[in-house]
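Data first, discussion second: the structure below is written as structure tokens.
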Amino acid sequence: MSARFAGTLFDLSGRAALVTGSSRGIGYAIASRLAQHGADVVISGRKPEAAQSAAAAINARNGEGFGRAIAQPANVTHGEDLSALCEAAVEHFGKVDILVANAAVHIHVGPSAEMSDAVLAKTMDANFFALHRLSQALLPGMIANGFGRIINIASIAALFGSGVYHSYTLSKAIALQYIRNIAVEHGAENIRANSIAPGLTRTDMARGLLDDPVALARELSRSTVGRVGEPDEIAGAAVFLASEAGAYVNGQTIAVDGGMTIRYD
Ligand SMILES: NC(=O)c1ccc[n+]([C@@H]2O[C@H](COP(=O)([O-])OP(=O)(O)OC[C@H]3O[C@@H](n4cnc5c(N)ncnc54)[C@H](OP(=O)(O)O)[C@@H]3O)[C@@H](O)[C@H]2O)c1
């Protein structure tokens, strides 16, 4: 199979990627674009049918230079699912070059006094420990192969204080620091670890905000582009970080947010 992007900085042919939470939303857009650029991809999510149809949609588009997709259901809060996910990836593709830790939960909005241990533990499991557990499982192979890309899907929410999004922002902020630590620890072994921080993006996770005209207007008043982002608009940053184009980028947090984080007026 010849590579459509051969000779470009964005060629991912011969690479294998594992993207958590990739049956829909931002994760699907990332997996789909990685495959378009030539990477084989593991599609995942809790619901097996959704993961299978997402993988089928990518494979249906397959042409010269496209990567192949397989589906492996996994709940990222279950350690045994994460092990099975890594095993399935290696079984099908022989390795994992690119990890995109994308699946996350956002299950509590309210004052810190009402944030239970159970909410915090589940949020940390999904939004931080899954990144750590998958990195621990996959880094030895990446180091042995002399190539690895770890991409954490964070949120611009991790860059601000919040009086109501306690567990979500805590978990996302810890993941940013984890990425910086991995970048320092493994940069010399040709591992790159970076975070993408999306702003408000049109997905199911953002549905509550998108369907609330007052909250949406407040959110968009901080945007420099005056609109919500689309999942595909997050995917380009992942292709960049996974490919040769991003080879000298390490330990960074890249905001893909329609300029929300630079607005002061
Ligand atoms: N949308 C936004 O405005 C926004 C903004 C900033 C950051 N983000 C971040 O972007 C990432 C993707 O979010 P999204 O908006 O694309 O969400 P989404 O549209 O709700 O999609 C979530 C994906 O993750 C899977 N998933 C959910 N819980 C899971 C779990 N416990 N284990 C494994 N898979 C799980 C879902 O499939 P199943 O339901 O089958 O499990 C689905 O594939 C998240 O890290 C989120 O924090 C989103």
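Ligands are numbered from 1 in the order shown, residues from 1 within each chain, and chains are lettered A, B, ... in the order they appear in the structure tokens.
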If you run DSSP on the backbone, which residues of range 16-242 of chain A are strand (DSSP E), as a compact mmCIF listing (two decimals) with C-alpha atoms, in the first residue's frame?
# COMPACT_ATOMS: atom_id res chain seq x y z
CA ALA A 16 -0.39 2.05 14.81
CA ALA A 17 -2.60 4.21 17.01
CA LEU A 18 -4.84 3.48 19.97
CA VAL A 19 -7.52 6.10 20.63
CA ASP A 40 -3.86 1.71 11.64
CA VAL A 41 -6.22 2.59 14.49
CA VAL A 42 -7.87 0.84 17.41
CA ILE A 43 -11.36 2.24 17.99
CA ALA A 69 -9.44 0.22 11.91
CA ILE A 70 -10.35 -2.46 14.43
CA ALA A 71 -12.78 -2.18 17.34
CA ILE A 98 0.55 6.53 19.08
CA LEU A 99 -1.59 6.62 22.20
CA VAL A 100 -4.42 9.15 22.29
CA ALA A 101 -5.95 9.23 25.77
CA GLY A 148 6.31 6.86 20.64
CA ARG A 149 3.68 9.60 20.72
CA ILE A 150 1.45 10.07 23.75
CA ILE A 151 -1.34 12.57 23.22
CA ASN A 152 -3.55 13.54 26.12
CA ILE A 153 -6.88 15.16 25.28
CA ILE A 191 8.96 9.60 22.88
CA ARG A 192 6.88 12.76 22.62
CA ALA A 193 4.16 13.52 25.14
CA ASN A 194 1.81 16.44 24.62
CA SER A 195 -1.69 17.60 25.50
CA ILE A 196 -4.37 19.09 23.31
CA ALA A 197 -6.76 21.35 25.20
CA PRO A 198 -10.00 21.73 23.24
Report as a ChimeraX atom specification all protein, DNA and RNA residues lying within 8 Å of Arg33 in chain A, evaluated on only C-alpha atoms, omitting residues in the same chain fewer than 4 positions from it. /A:29,37,235-236,239
What is the CA of Ser44 in chain A-CA of Ala84 in chain A distance in Å, reported with one decimal? 11.2 Å
Please provide the set of residues having any atom within 7 Å of range 223-227 of chain A, restricted to only C-alpha atoms, with same-chain residues fewer than 4 positions apart removed, written as number ranges by chain. A: 258-260, 263
Output the selection as a compact mmCIF listing (two decimals), in the first residue's frame - C-alpha atoms for each residue.
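Saved as result_2.txt:
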# COMPACT_ATOMS: atom_id res chain seq x y z
CA GLY A 258 -11.14 29.37 18.90
CA GLY A 259 -8.92 31.72 20.87
CA MET A 260 -10.87 31.49 24.14
CA ARG A 263 -9.08 36.84 25.15
For Thr203 in chain A, the nearest of the candidates A:Gly161, A:Gly14, A:Gly25, A:Gly141, counting only C-alpha atoms: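 Selected residue with least distance to Thr203 in chain A: A:Gly25.
For the residues A:Val164, A:Leu176, A:Leu209, A:Val184, ranking by smallest atom-to-atom distance to Val109 in chain A using only C-alpha atoms places A:Val164 first.
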Hey, which of A:Leu216, A:Leu9, A:Ala144, A:Ala89 ends up closest to ligand 1? Count only C-alpha atoms and all ligand atoms.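 The shortest atom-to-atom distance to ligand 1 comes from A:Leu216.
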Identify which of the residues A:Glu189, A:Glu87, A:Asp265, A:Asp81 lies closest to ligand 1, counting only C-alpha atoms and all ligand atoms when measuring atom-to-atom distances.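 Between A:Glu189, A:Glu87, A:Asp265, A:Asp81, the residue approaching ligand 1 most closely is A:Asp81.
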Counting only C-alpha atoms, figure out which residue out of A:Ala242, A:Leu85, A:Val228, A:Met115 gets nearest to Arg202 in chain A.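 Of all the options, A:Val228 lies closest to Arg202 in chain A.
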